[in-house]
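Asker: Here it is: the structure, laid out below.
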Amino acid sequence: MRGGQGAAWAPVLQFTNCRILRGGALLREDLWVRGGRVLDPEKLFFEERRVADEQRDCGGCILAPGFIDVQINGGFGVDFSQATEDVGSGVALVARRILSHGVTSFCPTLVTSPPEVYHKVLPQIPVKSGGPHGAGVLGVHLEGPFISREKRGAHPEAHLRSFEANAFQDVLATYGSLDNVRIVTLAPELGRSHEVIRALTALGICVSLGHSVADLGTAEEAVQSGASFITHLFNAMLPFHHRDPGIVGLLTSDQLPPGRRIFYGLIADGTHTNPAALRIAHRAHPQGLVLVTDAVPALGLGNGRHTLGQQEVEVDGLTAYVAGCGVESALEAASLHPARLLGLEKHKGTLDFGADADFVVLDDCLRVRATYISGELVWQAEVAGQ
Amino acid sequence: MRLVILDNYDLASEWAAKYICNRIIQFRPGKDRYFTLGLPTGLPRNHPESYHSYMWNNFFKHIDIDPNNAHILDGNATDLQAECESFEKKIKEAGGIDLFVGGIGPDGHIAFNEPGSSLVSRTRLKTLAMDTILANAKYFDGDLSKVPTMALTVGVGTVMDAREVMILITGAHKAFALYKAIEEGVNHMWTVSAFQQHPRTIFVCDEDATLELRVKTVKYFKGLMHVHNKLVDPLYSMKEGN
């Protein structure tokens with residue numbers, strides 16, 4: 001259960017001999033946790049006059065906020081876009097398995113699918129807190145079907161749609177209920193997109209631009225209507241051109257509403273984006289970078305044929321990569337920035353006092369040694385020799 | 001008096017830290033035998049640079065002291081007079097201060113005992129001198145109007161009651177105060193001078209702080225460094241049996 005600084009009855013945990021990510025830097029500090037939240041030890045000392053009930057030595061490791069993956073299509077054989085009778089089990093399996101990768105919260109992602117699939121699947125993926133059972137579900141990311149034909153990528157052409165006829169009503173008819181939806185990716189060049197973006201934003205849903213051939217002007221208007229994210233920058237959009245930078249130009253646009261920040265997802269596997277392009281984006285707009293996996297159901301499985309929504313894909317080896325920026329920047333791109341995108345930065349993606357104690361223990365090579373949710377150990381690496 | 005002179009700020013700090021460490025260990029503290037360390041007071045509680053934050057970040061969070069054994073003068077107490085009296089009482093109940101560690105102001109004050117403070121004063125509310133207010137302005141973005149003008153402080157007499165006193169002085173801007181404190185007479189205008197009448201005082205300073213002293217004084221005490229260094233070498237540890 002979560003409490004605040006006022007959950008005075010709960011035991012106090014002190015994680016020592018570690019470096020914690022706080023304020024954009026790795027500090028040699030202890031992490032104090034109580035009632036599932038990060039605790040202010042100074043207040044505990046002077047006001048409550050208490051010490052820790054339990055100390056845990058972290059062996060000099062790095063403690064970073066738990067990673068938040070806002071684009072993951074499935075994994076370990078599970079495909080979120082498959083309309084099975086028991087979608088819940090699939091989500092639960094993925095939620096449990098990604099703990100070992102340091103992910104403590106995620107947005108199950110559905111690719112372009114026919115309405116029947118959305119109507120069947122969405123009600124089975126409720127928002128859920130994380131715990132020993134698995135990472136928390138923040139809401140569903142609907143990538144499509146309101147996207148561009150030319151830039152559909154791996155999405156099936158037969159199921160692409162437009163909302164020209166009835167705007168938001170078309171959206172509702174396609175998806176069914178929007179209760180469990182957190183992010184919608186759409187192409188802003190589609191007719192009446194502004195109405196749709198405004199309606200979705202008014203419901204608290206994050207609108208993302210992707211799989212689109214929009215020029216910069218169209219993209220800027222979409223942001224002015226409320227869009228705040230770019231789905232896998234560089235992929236499935238027009239390439240950067242010096243006379244019309246397209247969606248990529250949003251990173252340095254001066255037409256964005258004051259105080260608004262645009263975030264962009266990057267698949268940092270070294271394949272979807274050349275590392276040099278990755279670095280250009282990072283240098284242009286470091287605060288907006290959000291690391292995503294865009295993992296497919298084949299994640300964690302071997303080579304061979306696997307489904308992705310309504311299609312089949314061939315898998316031939318997987319590579320993973322961390323962008324060539326500082327460790328602190330990389331860690332923030334995987335935790336703080338997605339939290340900010342979803343407006344959760346007070347509780348997630350940070351180790352500030354009062355935040356949920358979702359964090360990951362990393363060695364100097366950034367390998368996950370242990371994962372905690374609400375201050376509880378939910379996954380631990382095997383220690384050699386045991 | 002012992003006057004220990006080190007080359008620079010870092011070496012002086014390190015020497016002082018080792019000395020305090022050895023003193024505490026040689027005292028053999030235990031469950032019923034507490035070593036009482038005295039430190040001077042500072043800025044009010046609710047300021048981000050507050051003394052509580054300062055003490056937490058620089059001291060308390062690095063050690064395993066029981067919070068109930070950390071007593072800080074509360075400048076936000078409703079009855080300040082009672083707070084001061086209670087503080088004096090707590091010191092007495094703890095059996096007195098074993099070692100008081102303090103600094104010196106450019107005007108020669110110890111804690112906030114500004115020039116003119118009685119040399120037998122106790123813990124009380126004190127109005128700060130302009131020198132002190134100017135020195136503290138940096139903690140309030142240089143805005144003089146924001147700097148507190150009053151502070152609770154231990155008295156000169158309170159510190160004199162400690163069994164041992166250590167004064168840390170570094171920097172050229174403190175040199176004149178050090179000269180007045182140890183080479184001139186006991187004078188309430190330079191309250192640190194009161195410790196000339198304390199049986200066990202140790203001044204730890206860097207080269208720059210000695211700039212106003214007589215060459216003779218400096219040479220004498222530097223010549224004693226081999227004796228002084230026996231106080232910090234060997235450096236004891238709680239872990240080994242000693």
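If you're wondering about the labels, chains in the structure tokens are A, B, ... by order shown, residues count from 1 in each chain, ligands from 1 in order shown.
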For the contact check between chain A and chain B, emit one row per residue of chain A within 7 Å, containing the shortest atom pair and the distance in Å rounded to one decimal, counting only C-alpha atoms, chain then rising number order, as CSV.

Answerer:
```
residue,atom,partner,partner_atom,distance
A:Glu42,CA,B:Trp56,CA,6.3
A:Phe45,CA,B:Pro67,CA,5.6
A:Phe46,CA,B:Pro67,CA,6.9
A:Arg49,CA,B:Pro67,CA,4.8
A:Arg50,CA,B:Pro67,CA,6.2
```

Asker: May I have the selected residues written with all heavy atoms, as a PDB file, in the first residue's frame?

Answerer:
```pdb
ATOM      1  N   GLU A  42      15.896  13.834   6.300  1.00  0.00           N
ATOM      2  CA  GLU A  42      16.143  14.977   7.182  1.00  0.00           C
ATOM      3  C   GLU A  42      14.915  15.221   8.051  1.00  0.00           C
ATOM      4  O   GLU A  42      15.026  15.430   9.265  1.00  0.00           O
ATOM      5  CB  GLU A  42      16.455  16.214   6.348  1.00  0.00           C
ATOM      6  CG  GLU A  42      16.997  17.369   7.175  1.00  0.00           C
ATOM      7  CD  GLU A  42      17.072  18.669   6.399  1.00  0.00           C
ATOM      8  OE1 GLU A  42      17.409  18.614   5.207  1.00  0.00           O
ATOM      9  OE2 GLU A  42      16.785  19.718   6.996  1.00  0.00           O
ATOM     10  N   PHE A  45      14.683  12.604  10.684  1.00  0.00           N
ATOM     11  CA  PHE A  45      15.652  12.779  11.755  1.00  0.00           C
ATOM     12  C   PHE A  45      15.213  13.859  12.727  1.00  0.00           C
ATOM     13  O   PHE A  45      15.157  13.649  13.941  1.00  0.00           O
ATOM     14  CB  PHE A  45      17.006  13.144  11.138  1.00  0.00           C
ATOM     15  CG  PHE A  45      18.147  13.204  12.115  1.00  0.00           C
ATOM     16  CD1 PHE A  45      18.881  12.078  12.409  1.00  0.00           C
ATOM     17  CD2 PHE A  45      18.480  14.398  12.741  1.00  0.00           C
ATOM     18  CE1 PHE A  45      19.945  12.131  13.309  1.00  0.00           C
ATOM     19  CE2 PHE A  45      19.537  14.461  13.636  1.00  0.00           C
ATOM     20  CZ  PHE A  45      20.272  13.316  13.917  1.00  0.00           C
ATOM     21  N   PHE A  46      14.867  15.052  12.210  1.00  0.00           N
ATOM     22  CA  PHE A  46      14.589  16.185  13.084  1.00  0.00           C
ATOM     23  C   PHE A  46      13.165  16.211  13.625  1.00  0.00           C
ATOM     24  O   PHE A  46      12.948  16.614  14.763  1.00  0.00           O
ATOM     25  CB  PHE A  46      14.869  17.498  12.351  1.00  0.00           C
ATOM     26  CG  PHE A  46      16.336  17.753  12.119  1.00  0.00           C
ATOM     27  CD1 PHE A  46      16.834  17.909  10.843  1.00  0.00           C
ATOM     28  CD2 PHE A  46      17.215  17.835  13.188  1.00  0.00           C
ATOM     29  CE1 PHE A  46      18.191  18.142  10.634  1.00  0.00           C
ATOM     30  CE2 PHE A  46      18.574  18.069  12.993  1.00  0.00           C
ATOM     31  CZ  PHE A  46      19.060  18.217  11.709  1.00  0.00           C
ATOM     32  N   ARG A  49      12.485  12.047  14.770  1.00  0.00           N
ATOM     33  CA  ARG A  49      13.584  11.533  15.602  1.00  0.00           C
ATOM     34  C   ARG A  49      13.690  10.011  15.516  1.00  0.00           C
ATOM     35  O   ARG A  49      13.805   9.320  16.521  1.00  0.00           O
ATOM     36  CB  ARG A  49      13.413  11.982  17.055  1.00  0.00           C
ATOM     37  CG  ARG A  49      13.274  13.487  17.140  1.00  0.00           C
ATOM     38  CD  ARG A  49      13.538  14.040  18.524  1.00  0.00           C
ATOM     39  NE  ARG A  49      13.917  15.434  18.403  1.00  0.00           N
ATOM     40  CZ  ARG A  49      15.161  15.895  18.480  1.00  0.00           C
ATOM     41  NH1 ARG A  49      16.140  15.070  18.739  1.00  0.00           N
ATOM     42  NH2 ARG A  49      15.420  17.170  18.331  1.00  0.00           N
ATOM     43  N   ARG A  50      13.651   9.530  14.287  1.00  0.00           N
ATOM     44  CA  ARG A  50      13.749   8.089  14.060  1.00  0.00           C
ATOM     45  C   ARG A  50      14.919   7.751  13.163  1.00  0.00           C
ATOM     46  O   ARG A  50      15.352   8.578  12.349  1.00  0.00           O
ATOM     47  CB  ARG A  50      12.476   7.580  13.364  1.00  0.00           C
ATOM     48  CG  ARG A  50      11.363   7.196  14.313  1.00  0.00           C
ATOM     49  CD  ARG A  50      10.183   6.689  13.528  1.00  0.00           C
ATOM     50  NE  ARG A  50      10.498   5.422  12.865  1.00  0.00           N
ATOM     51  CZ  ARG A  50       9.610   4.771  12.130  1.00  0.00           C
ATOM     52  NH1 ARG A  50       8.410   5.264  11.963  1.00  0.00           N
ATOM     53  NH2 ARG A  50       9.933   3.636  11.531  1.00  0.00           N
TER      54      ARG A  50
END
```

Asker: Excluding Thr218 of chain A and residues on its chain fewer than 2 positions from it, collect all residues at most 9 Å away from it, counting only C-alpha atoms, and give them as a VMD selection string.

Answerer: chain A and resid 188 to 189 214 to 216 220 to 223 246 to 247

Asker: Please, which residues of segment 49-91 of chain A, numbered as in this document, come out helix (DSSP H, G or I) from DSSP, as a PyMOL selection string?

Answerer: chain A and resi 87-91

Asker: Select, from B:Ala172, B:Ser193, B:Pro199, B:Gly38, the residue with the minimum atom-to-atom distance to Leu213 of chain B, counting only C-alpha atoms.

Answerer: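 Distance minimum relative to Leu213 of chain B lands on B:Ala172.
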
Asker: Taking the chain letters and numbering used in this document, name the residues of segment 9-233 of chain A that DSSP puts in strand (DSSP E), as an mmCIF file with N, CA, C and O atoms, in the first residue's frame.

Answerer:
```cif
data_model
loop_
_atom_site.group_PDB
_atom_site.id
_atom_site.type_symbol
_atom_site.label_atom_id
_atom_site.label_comp_id
_atom_site.auth_asym_id
_atom_site.auth_seq_id
_atom_site.Cartn_x
_atom_site.Cartn_y
_atom_site.Cartn_z
ATOM 1 N N VAL A 12 10.941 1.797 8.003
ATOM 2 C CA VAL A 12 11.786 2.665 7.198
ATOM 3 C C VAL A 12 12.948 1.859 6.641
ATOM 4 O O VAL A 12 13.678 1.211 7.389
ATOM 5 N N LEU A 13 13.096 1.896 5.321
ATOM 6 C CA LEU A 13 14.198 1.198 4.660
ATOM 7 C C LEU A 13 15.246 2.196 4.218
ATOM 8 O O LEU A 13 14.905 3.241 3.670
ATOM 9 N N GLN A 14 16.511 1.877 4.466
ATOM 10 C CA GLN A 14 17.591 2.765 4.040
ATOM 11 C C GLN A 14 18.523 1.989 3.129
ATOM 12 O O GLN A 14 19.131 1.009 3.548
ATOM 13 N N PHE A 15 18.605 2.411 1.869
ATOM 14 C CA PHE A 15 19.499 1.771 0.901
ATOM 15 C C PHE A 15 20.805 2.544 0.914
ATOM 16 O O PHE A 15 20.842 3.737 0.586
ATOM 17 N N THR A 16 21.895 1.859 1.329
ATOM 18 C CA THR A 16 23.181 2.541 1.517
ATOM 19 C C THR A 16 24.208 2.056 0.504
ATOM 20 O O THR A 16 23.974 1.112 -0.244
ATOM 21 N N ARG A 19 24.815 5.057 -5.500
ATOM 22 C CA ARG A 19 24.728 6.392 -6.087
ATOM 23 C C ARG A 19 23.314 6.506 -6.626
ATOM 24 O O ARG A 19 22.858 5.625 -7.355
ATOM 25 N N ILE A 20 22.605 7.573 -6.276
ATOM 26 C CA ILE A 20 21.245 7.698 -6.768
ATOM 27 C C ILE A 20 21.134 8.809 -7.804
ATOM 28 O O ILE A 20 21.863 9.793 -7.751
ATOM 29 N N LEU A 21 20.205 8.598 -8.759
ATOM 30 C CA LEU A 21 19.989 9.608 -9.790
ATOM 31 C C LEU A 21 18.987 10.615 -9.244
ATOM 32 O O LEU A 21 17.835 10.285 -8.985
ATOM 33 N N ARG A 22 19.486 11.824 -9.014
ATOM 34 C CA ARG A 22 18.588 12.847 -8.500
ATOM 35 C C ARG A 22 19.024 14.184 -9.071
ATOM 36 O O ARG A 22 20.208 14.500 -9.085
ATOM 37 N N ALA A 25 21.800 14.208 -11.774
ATOM 38 C CA ALA A 25 23.177 13.809 -11.480
ATOM 39 C C ALA A 25 23.174 12.548 -10.628
ATOM 40 O O ALA A 25 22.198 12.240 -9.951
ATOM 41 N N LEU A 26 24.296 11.823 -10.677
ATOM 42 C CA LEU A 26 24.442 10.649 -9.819
ATOM 43 C C LEU A 26 25.112 11.109 -8.536
ATOM 44 O O LEU A 26 26.270 11.508 -8.558
ATOM 45 N N LEU A 27 24.368 11.063 -7.429
ATOM 46 C CA LEU A 27 24.884 11.546 -6.152
ATOM 47 C C LEU A 27 25.187 10.386 -5.220
ATOM 48 O O LEU A 27 24.471 9.397 -5.193
ATOM 49 N N LEU A 31 19.224 6.114 -0.244
ATOM 50 C CA LEU A 31 17.821 6.238 -0.625
ATOM 51 C C LEU A 31 16.980 5.720 0.532
ATOM 52 O O LEU A 31 17.149 4.586 0.972
ATOM 53 N N TRP A 32 16.077 6.565 1.026
ATOM 54 C CA TRP A 32 15.222 6.183 2.144
ATOM 55 C C TRP A 32 13.815 5.950 1.625
ATOM 56 O O TRP A 32 13.281 6.750 0.866
ATOM 57 N N VAL A 33 13.191 4.844 2.076
ATOM 58 C CA VAL A 33 11.854 4.485 1.578
ATOM 59 C C VAL A 33 10.949 4.136 2.756
ATOM 60 O O VAL A 33 11.373 3.464 3.700
ATOM 61 N N ARG A 34 9.698 4.596 2.680
ATOM 62 C CA ARG A 34 8.714 4.184 3.679
ATOM 63 C C ARG A 34 7.349 4.197 3.030
ATOM 64 O O ARG A 34 7.014 5.118 2.272
ATOM 65 N N ARG A 37 6.956 4.858 -0.690
ATOM 66 C CA ARG A 37 7.373 6.130 -1.265
ATOM 67 C C ARG A 37 8.779 6.492 -0.820
ATOM 68 O O ARG A 37 9.244 6.027 0.223
ATOM 69 N N VAL A 38 9.415 7.390 -1.599
ATOM 70 C CA VAL A 38 10.736 7.879 -1.232
ATOM 71 C C VAL A 38 10.567 8.852 -0.071
ATOM 72 O O VAL A 38 9.714 9.732 -0.096
ATOM 73 N N GLU A 54 15.622 -0.841 8.762
ATOM 74 C CA GLU A 54 16.422 -1.833 8.040
ATOM 75 C C GLU A 54 17.335 -1.123 7.056
ATOM 76 O O GLU A 54 16.920 -0.175 6.385
ATOM 77 N N GLN A 55 18.588 -1.581 7.006
ATOM 78 C CA GLN A 55 19.530 -1.011 6.041
ATOM 79 C C GLN A 55 19.878 -2.065 5.018
ATOM 80 O O GLN A 55 20.082 -3.223 5.359
ATOM 81 N N ARG A 56 19.951 -1.667 3.754
ATOM 82 C CA ARG A 56 20.361 -2.614 2.707
ATOM 83 C C ARG A 56 21.559 -2.047 1.962
ATOM 84 O O ARG A 56 21.497 -0.965 1.405
ATOM 85 N N ASP A 57 22.627 -2.821 1.936
ATOM 86 C CA ASP A 57 23.850 -2.399 1.260
ATOM 87 C C ASP A 57 23.717 -2.685 -0.239
ATOM 88 O O ASP A 57 23.437 -3.813 -0.637
ATOM 89 N N ILE A 62 24.315 1.735 -8.880
ATOM 90 C CA ILE A 62 23.533 2.916 -9.216
ATOM 91 C C ILE A 62 22.059 2.607 -8.954
ATOM 92 O O ILE A 62 21.569 1.537 -9.313
ATOM 93 N N LEU A 63 21.365 3.543 -8.322
ATOM 94 C CA LEU A 63 19.920 3.405 -8.122
ATOM 95 C C LEU A 63 19.255 4.441 -9.029
ATOM 96 O O LEU A 63 19.446 5.642 -8.852
ATOM 97 N N ALA A 64 18.488 3.975 -10.013
ATOM 98 C CA ALA A 64 17.833 4.896 -10.932
ATOM 99 C C ALA A 64 16.324 4.681 -10.839
ATOM 100 O O ALA A 64 15.875 3.599 -10.469
ATOM 101 N N PRO A 65 15.517 5.689 -11.201
ATOM 102 C CA PRO A 65 14.071 5.475 -11.203
ATOM 103 C C PRO A 65 13.749 4.342 -12.176
ATOM 104 O O PRO A 65 14.429 4.155 -13.178
ATOM 105 N N PHE A 67 12.378 2.145 -15.137
ATOM 106 C CA PHE A 67 12.174 2.570 -16.526
ATOM 107 C C PHE A 67 10.699 2.517 -16.900
ATOM 108 O O PHE A 67 9.938 1.679 -16.409
ATOM 109 N N ILE A 68 10.309 3.425 -17.769
ATOM 110 C CA ILE A 68 8.930 3.496 -18.223
ATOM 111 C C ILE A 68 8.931 3.332 -19.737
ATOM 112 O O ILE A 68 9.519 4.150 -20.460
ATOM 113 N N ASP A 69 8.297 2.265 -20.236
ATOM 114 C CA ASP A 69 8.288 2.000 -21.678
ATOM 115 C C ASP A 69 6.910 2.346 -22.228
ATOM 116 O O ASP A 69 5.927 1.661 -21.928
ATOM 117 N N VAL A 70 6.828 3.403 -23.029
ATOM 118 C CA VAL A 70 5.521 3.828 -23.527
ATOM 119 C C VAL A 70 5.196 3.254 -24.903
ATOM 120 O O VAL A 70 4.162 3.580 -25.480
ATOM 121 N N GLN A 71 6.100 2.406 -25.414
ATOM 122 C CA GLN A 71 5.776 1.769 -26.681
ATOM 123 C C GLN A 71 6.335 0.348 -26.695
ATOM 124 O O GLN A 71 7.520 0.132 -26.929
ATOM 125 N N ILE A 72 5.443 -0.602 -26.423
ATOM 126 C CA ILE A 72 5.857 -2.002 -26.401
ATOM 127 C C ILE A 72 4.677 -2.838 -26.868
ATOM 128 O O ILE A 72 3.604 -2.808 -26.263
ATOM 129 N N GLY A 74 4.382 -6.083 -27.207
ATOM 130 C CA GLY A 74 4.219 -7.432 -26.678
ATOM 131 C C GLY A 74 5.605 -7.976 -26.370
ATOM 132 O O GLY A 74 6.576 -7.233 -26.307
ATOM 133 N N GLY A 75 5.688 -9.289 -26.189
ATOM 134 C CA GLY A 75 7.003 -9.876 -25.903
ATOM 135 C C GLY A 75 6.823 -11.288 -25.387
ATOM 136 O O GLY A 75 5.737 -11.656 -24.939
ATOM 137 N N VAL A 78 3.888 -13.066 -26.497
ATOM 138 C CA VAL A 78 2.584 -12.420 -26.336
ATOM 139 C C VAL A 78 2.468 -11.242 -27.301
ATOM 140 O O VAL A 78 3.387 -10.456 -27.457
ATOM 141 N N ASP A 79 1.335 -11.152 -28.001
ATOM 142 C CA ASP A 79 1.086 -10.050 -28.936
ATOM 143 C C ASP A 79 -0.146 -9.315 -28.428
ATOM 144 O O ASP A 79 -1.253 -9.857 -28.436
ATOM 145 N N VAL A 103 12.091 -2.362 -16.182
ATOM 146 C CA VAL A 103 10.897 -1.576 -16.516
ATOM 147 C C VAL A 103 9.882 -1.767 -15.394
ATOM 148 O O VAL A 103 9.506 -2.898 -15.079
ATOM 149 N N THR A 104 9.441 -0.663 -14.793
ATOM 150 C CA THR A 104 8.489 -0.768 -13.688
ATOM 151 C C THR A 104 7.098 -0.269 -14.082
ATOM 152 O O THR A 104 6.140 -0.486 -13.350
ATOM 153 N N SER A 105 6.982 0.413 -15.212
ATOM 154 C CA SER A 105 5.673 0.868 -15.696
ATOM 155 C C SER A 105 5.716 0.833 -17.221
ATOM 156 O O SER A 105 6.761 1.112 -17.811
ATOM 157 N N PHE A 106 4.591 0.511 -17.854
ATOM 158 C CA PHE A 106 4.598 0.480 -19.311
ATOM 159 C C PHE A 106 3.213 0.732 -19.903
ATOM 160 O O PHE A 106 2.203 0.688 -19.188
ATOM 161 N N CYS A 107 3.194 1.035 -21.195
ATOM 162 C CA CYS A 107 1.945 1.225 -21.941
ATOM 163 C C CYS A 107 1.855 0.132 -22.992
ATOM 164 O O CYS A 107 2.513 0.210 -24.028
ATOM 165 N N PRO A 108 1.063 -0.919 -22.743
ATOM 166 C CA PRO A 108 0.902 -1.942 -23.780
ATOM 167 C C PRO A 108 0.431 -1.268 -25.062
ATOM 168 O O PRO A 108 -0.486 -0.435 -25.036
ATOM 169 N N THR A 109 1.060 -1.601 -26.171
ATOM 170 C CA THR A 109 0.778 -0.909 -27.421
ATOM 171 C C THR A 109 0.057 -1.825 -28.393
ATOM 172 O O THR A 109 0.442 -2.993 -28.559
ATOM 173 N N LEU A 110 -1.002 -1.280 -29.035
ATOM 174 C CA LEU A 110 -1.730 -2.042 -30.049
ATOM 175 C C LEU A 110 -1.450 -1.410 -31.405
ATOM 176 O O LEU A 110 -1.626 -0.202 -31.577
ATOM 177 N N GLY A 136 3.754 -1.956 -13.653
ATOM 178 C CA GLY A 136 2.437 -1.332 -13.665
ATOM 179 C C GLY A 136 1.994 -0.975 -15.072
ATOM 180 O O GLY A 136 2.796 -0.630 -15.925
ATOM 181 N N VAL A 137 0.699 -1.094 -15.333
ATOM 182 C CA VAL A 137 0.142 -0.705 -16.630
ATOM 183 C C VAL A 137 -0.378 0.716 -16.497
ATOM 184 O O VAL A 137 -1.279 0.983 -15.701
ATOM 185 N N VAL A 140 -3.140 2.086 -22.263
ATOM 186 C CA VAL A 140 -2.796 1.498 -23.560
ATOM 187 C C VAL A 140 -2.338 2.576 -24.535
ATOM 188 O O VAL A 140 -2.832 3.700 -24.527
ATOM 189 N N HIS A 141 -1.383 2.215 -25.394
ATOM 190 C CA HIS A 141 -0.933 3.099 -26.471
ATOM 191 C C HIS A 141 -1.524 2.552 -27.753
ATOM 192 O O HIS A 141 -1.243 1.417 -28.143
ATOM 193 N N LEU A 142 -2.387 3.328 -28.392
ATOM 194 C CA LEU A 142 -3.012 2.885 -29.654
ATOM 195 C C LEU A 142 -2.246 3.517 -30.820
ATOM 196 O O LEU A 142 -2.329 4.718 -31.066
ATOM 197 N N GLU A 143 -1.479 2.689 -31.509
ATOM 198 C CA GLU A 143 -0.676 3.184 -32.635
ATOM 199 C C GLU A 143 -1.404 2.826 -33.920
ATOM 200 O O GLU A 143 -1.274 1.725 -34.432
ATOM 201 N N VAL A 181 -7.249 3.990 -22.329
ATOM 202 C CA VAL A 181 -6.283 4.478 -23.313
ATOM 203 C C VAL A 181 -5.474 5.637 -22.761
ATOM 204 O O VAL A 181 -6.009 6.557 -22.150
ATOM 205 N N ARG A 182 -4.159 5.616 -23.005
ATOM 206 C CA ARG A 182 -3.273 6.638 -22.463
ATOM 207 C C ARG A 182 -2.653 7.479 -23.589
ATOM 208 O O ARG A 182 -2.433 8.663 -23.432
ATOM 209 N N ILE A 183 -2.317 6.798 -24.700
ATOM 210 C CA ILE A 183 -1.646 7.496 -25.805
ATOM 211 C C ILE A 183 -2.304 7.044 -27.113
ATOM 212 O O ILE A 183 -2.629 5.862 -27.272
ATOM 213 N N VAL A 184 -2.487 7.991 -28.049
ATOM 214 C CA VAL A 184 -2.957 7.634 -29.395
ATOM 215 C C VAL A 184 -1.978 8.221 -30.406
ATOM 216 O O VAL A 184 -1.690 9.427 -30.367
ATOM 217 N N THR A 185 -1.462 7.366 -31.296
ATOM 218 C CA THR A 185 -0.599 7.854 -32.376
ATOM 219 C C THR A 185 -1.440 8.006 -33.624
ATOM 220 O O THR A 185 -2.170 7.084 -34.017
ATOM 221 N N LEU A 186 -1.364 9.192 -34.250
ATOM 222 C CA LEU A 186 -2.108 9.408 -35.481
ATOM 223 C C LEU A 186 -1.305 10.294 -36.431
ATOM 224 O O LEU A 186 -0.274 10.865 -36.035
ATOM 225 N N CYS A 206 -2.790 11.394 -24.268
ATOM 226 C CA CYS A 206 -1.641 12.002 -24.917
ATOM 227 C C CYS A 206 -1.684 11.685 -26.408
ATOM 228 O O CYS A 206 -1.813 10.528 -26.792
ATOM 229 N N VAL A 207 -1.634 12.716 -27.255
ATOM 230 C CA VAL A 207 -1.676 12.484 -28.694
ATOM 231 C C VAL A 207 -0.264 12.533 -29.249
ATOM 232 O O VAL A 207 0.493 13.471 -28.992
ATOM 233 N N SER A 208 0.070 11.514 -30.040
ATOM 234 C CA SER A 208 1.405 11.418 -30.606
ATOM 235 C C SER A 208 1.335 11.429 -32.125
ATOM 236 O O SER A 208 0.385 10.918 -32.717
ATOM 237 N N LEU A 209 2.318 12.061 -32.753
ATOM 238 C CA LEU A 209 2.363 12.143 -34.215
ATOM 239 C C LEU A 209 3.296 11.062 -34.728
ATOM 240 O O LEU A 209 4.421 10.923 -34.260
ATOM 241 N N PHE A 229 3.721 14.360 -28.385
ATOM 242 C CA PHE A 229 4.708 13.285 -28.511
ATOM 243 C C PHE A 229 4.927 12.982 -29.977
ATOM 244 O O PHE A 229 4.059 13.271 -30.819
ATOM 245 N N ILE A 230 6.087 12.442 -30.317
ATOM 246 C CA ILE A 230 6.368 11.972 -31.671
ATOM 247 C C ILE A 230 6.707 10.489 -31.543
ATOM 248 O O ILE A 230 7.587 10.119 -30.744
#
```
